[in-house]
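Raw contents of data11.txt, compact mmCIF, C-alpha atoms and all ligand atoms:
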```
# COMPACT_ATOMS: atom_id res chain seq x y z
CA MET A 1 84.81 100.93 105.84
CA VAL A 2 86.15 97.42 106.10
CA ASP A 3 89.93 97.21 106.18
CA ARG A 4 90.27 95.07 103.06
CA HIS A 5 93.50 93.55 104.26
CA LYS A 6 92.03 92.23 107.45
CA SER A 7 88.98 90.34 106.23
CA VAL A 8 89.50 86.66 105.52
CA VAL A 9 86.51 85.06 103.79
CA LEU A 10 85.82 81.33 103.56
CA ASP A 11 82.86 80.12 101.50
CA GLY A 12 81.86 76.64 100.41
CA PRO A 13 79.22 73.91 100.70
CA ALA A 14 78.28 71.99 103.86
CA GLY A 15 80.69 69.36 105.15
CA VAL A 16 83.77 70.85 103.55
CA GLY A 17 85.55 71.54 106.85
CA LYS A 18 84.95 75.29 106.65
CA GLY A 19 83.93 75.73 110.28
CA THR A 20 86.92 73.93 111.74
CA ILE A 21 89.30 75.68 109.37
CA ALA A 22 87.82 79.15 109.90
CA LYS A 23 88.00 78.74 113.68
CA ALA A 24 91.60 77.56 113.54
CA LEU A 25 92.50 80.51 111.30
CA ALA A 26 90.80 83.02 113.61
CA ARG A 27 92.67 81.61 116.60
CA ARG A 28 96.03 81.64 114.80
CA LEU A 29 95.53 85.19 113.52
CA GLY A 30 93.90 86.48 116.71
CA TYR A 31 90.96 87.69 114.59
CA GLN A 32 87.27 87.83 115.39
CA TYR A 33 85.43 84.75 114.03
CA ILE A 34 82.00 85.13 112.47
CA ASP A 35 79.97 82.10 111.42
CA THR A 36 77.21 83.42 109.13
CA GLY A 37 75.64 79.93 108.94
CA ALA A 38 75.10 80.05 112.73
CA MET A 39 73.17 83.30 112.24
CA TYR A 40 70.87 81.72 109.63
CA ARG A 41 70.52 78.68 111.89
CA THR A 42 69.42 80.97 114.74
CA ALA A 43 66.76 82.48 112.46
CA ALA A 44 65.55 78.93 111.70
CA LEU A 45 65.59 78.01 115.41
CA LEU A 46 63.45 81.04 116.28
CA ALA A 47 61.01 80.29 113.45
CA LEU A 48 60.72 76.73 114.78
CA GLU A 49 60.21 77.81 118.39
CA HIS A 50 57.62 80.43 117.45
CA ASP A 51 55.90 78.08 115.06
CA ILE A 52 56.35 80.43 112.12
CA PRO A 53 56.35 78.75 108.67
CA PRO A 54 59.49 79.57 106.62
CA GLU A 55 57.49 81.27 103.91
CA GLN A 56 57.47 84.69 102.34
CA PRO A 57 54.39 86.15 104.13
CA HIS A 58 56.26 85.57 107.42
CA GLU A 59 59.72 86.73 106.38
CA HIS A 60 59.59 90.04 108.30
CA GLU A 61 58.43 88.31 111.45
CA ILE A 62 61.40 85.91 111.34
CA ALA A 63 63.80 88.75 110.46
CA ARG A 64 62.51 90.83 113.37
CA LEU A 65 63.09 87.96 115.82
CA VAL A 66 66.64 87.24 114.68
CA LEU A 67 67.61 90.92 114.51
CA ALA A 68 66.22 91.64 117.99
CA HIS A 69 69.54 90.73 119.65
CA PRO A 70 73.22 90.97 118.74
CA PHE A 71 75.35 87.90 118.03
CA LEU A 72 78.51 87.03 119.86
CA PHE A 73 81.04 84.29 118.98
CA VAL A 74 83.27 83.42 121.92
CA PHE A 75 86.21 81.02 122.04
CA ASP A 76 86.09 79.01 125.26
CA GLY A 77 89.02 76.56 125.39
CA PRO A 78 88.48 74.17 122.48
CA LEU A 79 84.85 75.27 122.11
CA LEU A 80 83.27 78.06 120.16
CA ARG A 81 80.15 79.35 121.88
CA VAL A 82 77.42 81.23 120.04
CA PHE A 83 75.25 83.78 121.85
CA HIS A 84 72.14 85.54 120.58
CA GLY A 85 71.68 88.31 123.13
CA ASP A 86 71.91 86.63 126.56
CA ARG A 87 70.89 83.27 125.19
CA GLU A 88 73.48 80.65 124.31
CA VAL A 89 72.37 78.86 121.12
CA THR A 90 75.54 76.81 120.50
CA ASP A 91 73.80 73.41 120.68
CA ASP A 92 70.21 74.38 119.87
CA ILE A 93 71.16 75.50 116.34
CA ARG A 94 72.75 72.13 115.45
CA THR A 95 69.69 69.88 115.73
CA ALA A 96 68.33 67.96 112.74
CA GLU A 97 65.11 70.06 112.79
CA VAL A 98 67.06 73.30 112.51
CA SER A 99 69.31 71.86 109.79
CA TYR A 100 66.20 70.93 107.86
CA LEU A 101 64.55 74.33 108.22
CA VAL A 102 67.60 76.50 107.63
CA SER A 103 67.64 76.38 103.82
CA PRO A 104 64.07 77.69 103.34
CA VAL A 105 64.58 80.28 106.09
CA SER A 106 67.85 81.50 104.56
CA ALA A 107 66.12 81.92 101.18
CA LEU A 108 63.77 84.61 102.60
CA ALA A 109 64.70 88.09 101.32
CA ALA A 110 64.00 89.98 104.56
CA VAL A 111 66.07 87.52 106.58
CA ARG A 112 68.98 87.70 104.11
CA LYS A 113 68.91 91.48 103.91
CA GLY A 114 68.80 91.89 107.70
CA LEU A 115 71.56 89.38 108.38
CA THR A 116 73.74 90.63 105.50
CA ASP A 117 73.61 94.20 106.91
CA LEU A 118 74.40 92.88 110.38
CA GLN A 119 77.32 90.79 109.07
CA ARG A 120 78.80 93.82 107.29
CA GLN A 121 78.45 95.85 110.45
CA MET A 122 80.13 93.09 112.51
CA ALA A 123 83.03 92.98 110.03
CA SER A 124 83.39 96.74 109.82
CA GLN A 125 86.21 96.86 112.37
CA GLY A 126 88.35 94.53 110.23
CA ASN A 127 90.41 91.67 111.73
CA VAL A 128 87.74 89.09 110.98
CA VAL A 129 87.51 85.59 109.62
CA MET A 130 84.01 85.17 108.19
CA GLU A 131 82.65 81.89 106.86
CA GLY A 132 79.51 81.13 104.88
CA ARG A 133 78.05 80.71 101.42
CA ASP A 134 77.87 84.24 100.00
CA VAL A 135 80.45 86.15 102.00
CA GLY A 136 82.94 86.65 99.15
CA THR A 137 80.21 87.39 96.59
CA VAL A 138 77.65 89.46 98.53
CA VAL A 139 78.53 90.28 102.14
CA LEU A 140 82.16 91.39 101.77
CA PRO A 141 82.91 91.55 98.03
CA ASP A 142 85.88 93.85 98.78
CA ALA A 143 87.64 91.46 101.15
CA SER A 144 91.17 90.94 99.93
CA HIS A 145 91.53 87.33 101.10
CA LYS A 146 88.82 85.11 99.66
CA PHE A 147 88.85 81.34 99.71
CA PHE A 148 86.34 78.85 98.35
CA LEU A 149 86.65 75.41 99.90
CA THR A 150 85.53 72.26 98.10
CA ALA A 151 85.72 68.50 98.68
CA SER A 152 84.19 65.49 96.95
CA ASP A 153 80.59 64.58 97.86
CA ASP A 154 81.72 61.28 99.44
CA ILE A 155 84.29 62.94 101.65
CA ARG A 156 81.91 65.69 102.73
CA ALA A 157 79.24 63.12 103.67
CA ASP A 158 81.79 61.00 105.59
CA ARG A 159 83.05 64.04 107.50
CA ARG A 160 79.57 65.23 108.40
CA TYR A 161 78.57 61.71 109.52
CA LEU A 162 81.63 61.46 111.79
CA GLU A 163 80.96 64.91 113.22
CA LEU A 164 77.34 64.02 114.04
CA GLN A 165 78.39 60.68 115.56
CA GLN A 166 80.88 62.43 117.80
CA LYS A 167 78.07 64.70 118.97
CA GLY A 168 75.95 61.65 119.76
CA VAL A 169 73.38 62.37 117.03
CA GLU A 170 71.71 59.16 115.84
CA ILE A 171 71.55 59.19 112.06
CA SER A 172 72.45 56.78 109.26
CA PRO A 173 75.22 57.55 106.72
CA GLN A 174 72.56 57.34 103.98
CA GLN A 175 70.44 59.99 105.69
CA VAL A 176 73.48 62.28 106.11
CA ARG A 177 74.20 61.97 102.40
CA LYS A 178 70.58 62.70 101.50
CA ASP A 179 70.43 65.74 103.81
CA LEU A 180 73.67 67.15 102.38
CA ALA A 181 72.48 66.70 98.79
CA ARG A 182 69.17 68.40 99.60
CA ARG A 183 70.89 71.34 101.29
CA ASP A 184 73.48 71.69 98.49
CA HIS A 185 70.68 71.79 95.95
CA LEU A 186 68.59 74.36 97.85
CA ASP A 187 71.58 76.56 98.73
CA SER A 188 73.01 76.66 95.22
CA THR A 189 69.76 77.04 93.26
CA ARG A 190 67.97 79.69 95.34
CA LYS A 191 67.43 83.07 93.68
CA LEU A 192 69.03 85.26 96.33
CA ALA A 193 72.75 85.05 97.06
CA PRO A 194 73.16 81.37 96.14
CA LEU A 195 76.23 79.41 97.12
CA GLN A 196 78.70 80.62 94.53
CA GLN A 197 82.41 80.95 94.13
CA ALA A 198 83.58 84.58 93.92
CA LYS A 199 85.59 85.14 90.72
CA ASP A 200 88.56 86.35 92.72
CA ALA A 201 88.41 83.57 95.35
CA LEU A 202 91.14 80.99 95.59
CA VAL A 203 89.74 77.45 95.40
CA VAL A 204 91.13 74.96 97.91
CA ASP A 205 90.12 71.33 97.42
CA THR A 206 90.31 69.88 100.93
CA SER A 207 89.47 66.28 99.89
CA ASN A 208 92.94 64.96 100.53
CA MET A 209 94.24 67.52 102.98
CA SER A 210 94.24 67.55 106.77
CA ILE A 211 92.82 70.55 108.64
CA GLU A 212 96.36 71.61 109.57
CA GLU A 213 97.44 71.46 105.92
CA VAL A 214 94.51 73.61 104.78
CA VAL A 215 95.10 76.15 107.57
CA ASN A 216 98.80 76.39 106.71
CA CYS A 217 98.02 76.68 103.01
CA ILE A 218 95.63 79.59 103.66
CA LEU A 219 98.01 81.30 106.09
CA GLY A 220 100.72 81.01 103.44
CA LYS A 221 98.49 82.62 100.82
CA ILE A 222 97.55 85.54 103.02
CA GLY A 223 101.16 86.05 104.00
CA ASN A 224 101.11 85.09 107.67
O1 LIG A 301 77.36 76.62 107.34
P1 LIG A 301 76.09 75.94 107.85
O2 LIG A 301 75.89 74.57 107.30
O3 LIG A 301 75.95 76.00 109.33
O4 LIG A 301 74.91 76.87 107.22
C1 LIG A 301 73.58 76.58 107.47
C2 LIG A 301 72.70 77.06 106.32
O5 LIG A 301 72.65 78.49 106.31
C3 LIG A 301 73.11 76.66 104.92
O6 LIG A 301 72.43 75.50 104.52
C4 LIG A 301 72.71 77.82 104.05
C5 LIG A 301 72.59 78.97 105.00
N1 LIG A 301 73.62 79.98 104.81
C6 LIG A 301 73.40 80.98 103.89
O7 LIG A 301 72.37 80.96 103.22
N2 LIG A 301 74.30 81.98 103.74
C7 LIG A 301 75.43 82.01 104.45
N3 LIG A 301 76.29 83.01 104.30
C8 LIG A 301 75.69 80.97 105.39
C9 LIG A 301 74.77 79.96 105.54
```

Please re-express this file's structure in structure tokens.
Amino acid sequence: MVDRHKSVVLDGPAGVGKGTIAKALARRLGYQYIDTGAMYRTAALLALEHDIPPEQPHEHEIARLVLAHPFLFVFDGPLLRVFHGDREVTDDIRTAEVSYLVSPVSALAAVRKGLTDLQRQMASQGNVVMEGRDVGTVVLPDASHKFFLTASDDIRADRRYLELQQKGVEISPQQVRKDLARRDHLDSTRKLAPLQQAKDALVVDTSNMSIEEVVNCILGKIGN
């Protein structure tokens, strides 16, 4: 069973600062960090590479590929590296093609079931910070520390644009805004495990807060 007192859950839409905040929290607490979005992105990457359409008749094929290897999240200096088996997927899962494909892939029941089981298993030792969309509602509903991060649409789009620019991705601010709106819509309206705030999650609006302020706020709430 999961040690309820050692699972910190962070859910929220894209561009809210979740990744940066979850990583900082995991480092400060010395906990294992699990990015469930990176797992769905890996499923989308594999579907892309194997030319498998993200549609229901192919859901088991995509699930089989992504479940064929374990995931590992490793802190390396300032970086967080993501491994799927022996393969490092850190950069490959952040391309525009993968970002486009990830919403339909993550709506497939077999993919969700497989990855949800795997995420529960990965969290079963406790001492984890897990971020995603449905972690507080579906993956770890018993976690004692649940946070739902929000920020205004403008701020989320600005943050995502800056992040992509820093990575050298060529994209216009208008396109970033359009992509975010599309992903928000798909993620929150899908039938299975949509992006949703858990009733017992604490909402943190990060619009006017620095990363450090959010991290300290969360650490304060969980009593560290
Ligand atoms: O956090 P992210 O932007 O890297 O997530 C990529 C996509 O994965 C997101 O658009 C929806 C999906 N996802 C999901 O369906 N469930 C999760 N727990 C995490 C992410």

* Dump the neighbourhood of ligand LIG 301 (chain A) as a count of residues only: all residues within 8 Å, distances computed on only C-alpha atoms and all ligand atoms. => 33

* Nearest to Arg27 in chain A, chosen from A:Asp154, A:Val215, A:Ser7, A:Phe148, with all atoms listed in the file counted in the distances ->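 Checking each of A:Asp154, A:Val215, A:Ser7, A:Phe148 against Arg27 in chain A, counting all atoms listed in the file, the winner is A:Val215.
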
* Two-atom distance - CA of Val66 in chain A, CA of Leu45 in chain A (Å) ->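 Pair CA of Val66 in chain A / CA of Leu45 in chain A returns 9.3 Å.
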
* **Long-range neighbours of Ala198 in chain A as a PyMOL selection string, 8 Å cut-off, only C-alpha atoms, 6 positions minimum in chain** => chain A and resi 136-137+146+148

* d(CA of Leu48 in chain A, CA of Leu79 in chain A) in Å -> 25.3 Å

* Asked: Quick one: residues within 9 Å of Arg156 in chain A, only C-alpha atoms counted, chain neighbours fewer than 2 positions away excluded, as a list in words?
  -> Pro13, Ala14, Gly15, Val16, Gly17, Thr150, Ala151, Ser152, Asp153, Asp154, Asp158, Arg159, Arg160, Tyr161, Arg177, Leu180 and Ser207 of chain A

* Nearest-residue call for Leu65 in chain A, choices A:Glu97, A:Glu49, A:Asp205, A:Glu88, using all atoms listed in the file ->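 Closest to Leu65 in chain A, using all atoms listed in the file: A:Glu49.
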
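Distance-wise, CA of Glu212 in chain A and CA of Met130 in chain A end up 18.4 Å apart.
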
* Asked: Between A:Leu29, A:Val138, A:Ile211, A:Leu67, which is the closest to Arg120 in chain A once you count only C-alpha atoms?
  ->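 Distance minimum relative to Arg120 in chain A lands on A:Val138.
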
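Counting all atoms listed in the file, the residue from A:Met209, A:Gly114, A:Lys178, A:Ala157 that sits nearest to Arg64 in chain A is A:Gly114.
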
* To do: Pick out the closest residue to Ala143 in chain A from this set: A:Val105, A:Val128, A:Ile155, A:Ala181. Count all atoms listed in the file.
  => A:Val128

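Using all atoms listed in the file, the nearest neighbour of Asn127 in chain A within the list A:His69, A:His58, A:Arg190, A:Arg28 is A:Arg28.
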
Excluding Ile171 in chain A and residues on its chain fewer than 6 positions from it, collect all residues at most 10 Å away from it, counting all atoms listed in the file, and give them as a PDB file with C-alpha atoms, keeping the file's coordinate frame.
```pdb
ATOM      1  CA  ALA A  96      68.330  67.960 112.740  1.00  0.00           C
ATOM      2  CA  TYR A 161      78.570  61.710 109.520  1.00  0.00           C
ATOM      3  CA  LEU A 164      77.340  64.020 114.040  1.00  0.00           C
ATOM      4  CA  GLN A 165      78.390  60.680 115.560  1.00  0.00           C
TER       5      GLN A 165
END
```

* To do: Considering only C-alpha atoms, return as a list in words whatever protein or nucleic-acid residues lie within 10 Å of Lys113 in chain A, sequence-local ones (same chain, fewer than 5 positions apart) excluded.
  => Ala63, Leu108, Leu118, Gln119, Val139 and Leu192 of chain A

* Asked: What residues have an atom no more than 10 Å from (73.3, 79.8, 120.1) in the file's own frame, counting only C-alpha atoms, and can you write them as an NGL selection string?
  -> :A and (38-39 or 41-42 or 45 or 71-73 or 81-94)

How would range 182-213 of chain A look with N, CA and C atoms restored, written as a PDB file, keeping the file's coordinate frame?
```pdb
ATOM      1  N   ARG A 182      70.339  67.519  99.617  1.00  0.00           N
ATOM      2  CA  ARG A 182      69.170  68.400  99.600  1.00  0.00           C
ATOM      3  C   ARG A 182      69.598  69.850  99.895  1.00  0.00           C
ATOM      4  N   ARG A 183      70.450  69.998 100.900  1.00  0.00           N
ATOM      5  CA  ARG A 183      70.890  71.340 101.290  1.00  0.00           C
ATOM      6  C   ARG A 183      71.764  71.974 100.195  1.00  0.00           C
ATOM      7  N   ASP A 184      72.647  71.186  99.597  1.00  0.00           N
ATOM      8  CA  ASP A 184      73.480  71.690  98.490  1.00  0.00           C
ATOM      9  C   ASP A 184      72.587  72.223  97.381  1.00  0.00           C
ATOM     10  N   HIS A 185      71.561  71.412  97.048  1.00  0.00           N
ATOM     11  CA  HIS A 185      70.680  71.790  95.950  1.00  0.00           C
ATOM     12  C   HIS A 185      69.953  73.090  96.278  1.00  0.00           C
ATOM     13  N   LEU A 186      69.345  73.154  97.471  1.00  0.00           N
ATOM     14  CA  LEU A 186      68.590  74.360  97.850  1.00  0.00           C
ATOM     15  C   LEU A 186      69.499  75.580  97.930  1.00  0.00           C
ATOM     16  N   ASP A 187      70.677  75.407  98.523  1.00  0.00           N
ATOM     17  CA  ASP A 187      71.580  76.560  98.730  1.00  0.00           C
ATOM     18  C   ASP A 187      72.155  77.077  97.409  1.00  0.00           C
ATOM     19  N   SER A 188      72.360  76.174  96.435  1.00  0.00           N
ATOM     20  CA  SER A 188      73.010  76.660  95.220  1.00  0.00           C
ATOM     21  C   SER A 188      72.011  77.038  94.114  1.00  0.00           C
ATOM     22  N   THR A 189      70.719  76.694  94.312  1.00  0.00           N
ATOM     23  CA  THR A 189      69.760  77.040  93.260  1.00  0.00           C
ATOM     24  C   THR A 189      68.812  78.166  93.677  1.00  0.00           C
ATOM     25  N   ARG A 190      68.911  78.633  94.940  1.00  0.00           N
ATOM     26  CA  ARG A 190      67.970  79.690  95.340  1.00  0.00           C
ATOM     27  C   ARG A 190      68.292  80.982  94.577  1.00  0.00           C
ATOM     28  N   LYS A 191      67.270  81.847  94.474  1.00  0.00           N
ATOM     29  CA  LYS A 191      67.430  83.070  93.680  1.00  0.00           C
ATOM     30  C   LYS A 191      68.393  84.053  94.321  1.00  0.00           C
ATOM     31  N   LEU A 192      68.244  84.229  95.646  1.00  0.00           N
ATOM     32  CA  LEU A 192      69.030  85.260  96.330  1.00  0.00           C
ATOM     33  C   LEU A 192      70.343  84.720  96.859  1.00  0.00           C
ATOM     34  N   ALA A 193      71.433  85.383  96.518  1.00  0.00           N
ATOM     35  CA  ALA A 193      72.750  85.050  97.060  1.00  0.00           C
ATOM     36  C   ALA A 193      72.991  83.542  97.177  1.00  0.00           C
ATOM     37  N   PRO A 194      72.906  82.806  96.060  1.00  0.00           N
ATOM     38  CA  PRO A 194      73.160  81.370  96.140  1.00  0.00           C
ATOM     39  C   PRO A 194      74.623  81.073  96.463  1.00  0.00           C
ATOM     40  N   LEU A 195      74.851  79.841  96.907  1.00  0.00           N
ATOM     41  CA  LEU A 195      76.230  79.410  97.120  1.00  0.00           C
ATOM     42  C   LEU A 195      76.976  79.537  95.800  1.00  0.00           C
ATOM     43  N   GLN A 196      78.015  80.342  95.789  1.00  0.00           N
ATOM     44  CA  GLN A 196      78.700  80.620  94.530  1.00  0.00           C
ATOM     45  C   GLN A 196      80.141  81.013  94.826  1.00  0.00           C
ATOM     46  N   GLN A 197      81.006  80.592  93.937  1.00  0.00           N
ATOM     47  CA  GLN A 197      82.410  80.950  94.130  1.00  0.00           C
ATOM     48  C   GLN A 197      82.631  82.375  93.602  1.00  0.00           C
ATOM     49  N   ALA A 198      83.251  83.232  94.413  1.00  0.00           N
ATOM     50  CA  ALA A 198      83.580  84.580  93.920  1.00  0.00           C
ATOM     51  C   ALA A 198      84.667  84.422  92.848  1.00  0.00           C
ATOM     52  N   LYS A 199      84.614  85.266  91.818  1.00  0.00           N
ATOM     53  CA  LYS A 199      85.590  85.140  90.720  1.00  0.00           C
ATOM     54  C   LYS A 199      87.017  85.265  91.213  1.00  0.00           C
ATOM     55  N   ASP A 200      87.199  86.111  92.228  1.00  0.00           N
ATOM     56  CA  ASP A 200      88.560  86.350  92.720  1.00  0.00           C
ATOM     57  C   ASP A 200      88.895  85.500  93.955  1.00  0.00           C
ATOM     58  N   ALA A 201      88.092  84.438  94.204  1.00  0.00           N
ATOM     59  CA  ALA A 201      88.410  83.570  95.350  1.00  0.00           C
ATOM     60  C   ALA A 201      89.386  82.478  94.925  1.00  0.00           C
ATOM     61  N   LEU A 202      90.219  82.082  95.853  1.00  0.00           N
ATOM     62  CA  LEU A 202      91.140  80.990  95.590  1.00  0.00           C
ATOM     63  C   LEU A 202      90.469  79.685  96.004  1.00  0.00           C
ATOM     64  N   VAL A 203      90.410  78.711  95.083  1.00  0.00           N
ATOM     65  CA  VAL A 203      89.740  77.450  95.400  1.00  0.00           C
ATOM     66  C   VAL A 203      90.730  76.506  96.099  1.00  0.00           C
ATOM     67  N   VAL A 204      90.298  75.943  97.222  1.00  0.00           N
ATOM     68  CA  VAL A 204      91.130  74.960  97.910  1.00  0.00           C
ATOM     69  C   VAL A 204      90.329  73.667  98.010  1.00  0.00           C
ATOM     70  N   ASP A 205      90.787  72.621  97.340  1.00  0.00           N
ATOM     71  CA  ASP A 205      90.120  71.330  97.420  1.00  0.00           C
ATOM     72  C   ASP A 205      90.681  70.593  98.639  1.00  0.00           C
ATOM     73  N   THR A 206      89.837  70.436  99.662  1.00  0.00           N
ATOM     74  CA  THR A 206      90.310  69.880 100.930  1.00  0.00           C
ATOM     75  C   THR A 206      90.178  68.346 100.991  1.00  0.00           C
ATOM     76  N   SER A 207      89.740  67.726  99.874  1.00  0.00           N
ATOM     77  CA  SER A 207      89.470  66.280  99.890  1.00  0.00           C
ATOM     78  C   SER A 207      90.604  65.453 100.490  1.00  0.00           C
ATOM     79  N   ASN A 208      91.820  65.773 100.065  1.00  0.00           N
ATOM     80  CA  ASN A 208      92.940  64.960 100.530  1.00  0.00           C
ATOM     81  C   ASN A 208      93.906  65.739 101.418  1.00  0.00           C
ATOM     82  N   MET A 209      93.371  66.713 102.107  1.00  0.00           N
ATOM     83  CA  MET A 209      94.240  67.520 102.980  1.00  0.00           C
ATOM     84  C   MET A 209      93.733  67.444 104.420  1.00  0.00           C
ATOM     85  N   SER A 210      94.664  67.487 105.372  1.00  0.00           N
ATOM     86  CA  SER A 210      94.240  67.550 106.770  1.00  0.00           C
ATOM     87  C   SER A 210      93.875  69.003 107.085  1.00  0.00           C
ATOM     88  N   ILE A 211      93.200  69.186 108.213  1.00  0.00           N
ATOM     89  CA  ILE A 211      92.820  70.550 108.640  1.00  0.00           C
ATOM     90  C   ILE A 211      94.072  71.429 108.733  1.00  0.00           C
ATOM     91  N   GLU A 212      95.106  70.856 109.370  1.00  0.00           N
ATOM     92  CA  GLU A 212      96.360  71.610 109.570  1.00  0.00           C
ATOM     93  C   GLU A 212      96.954  72.038 108.219  1.00  0.00           C
ATOM     94  N   GLU A 213      96.892  71.131 107.249  1.00  0.00           N
ATOM     95  CA  GLU A 213      97.440  71.460 105.920  1.00  0.00           C
ATOM     96  C   GLU A 213      96.659  72.597 105.261  1.00  0.00           C
TER      97      GLU A 213
END
```
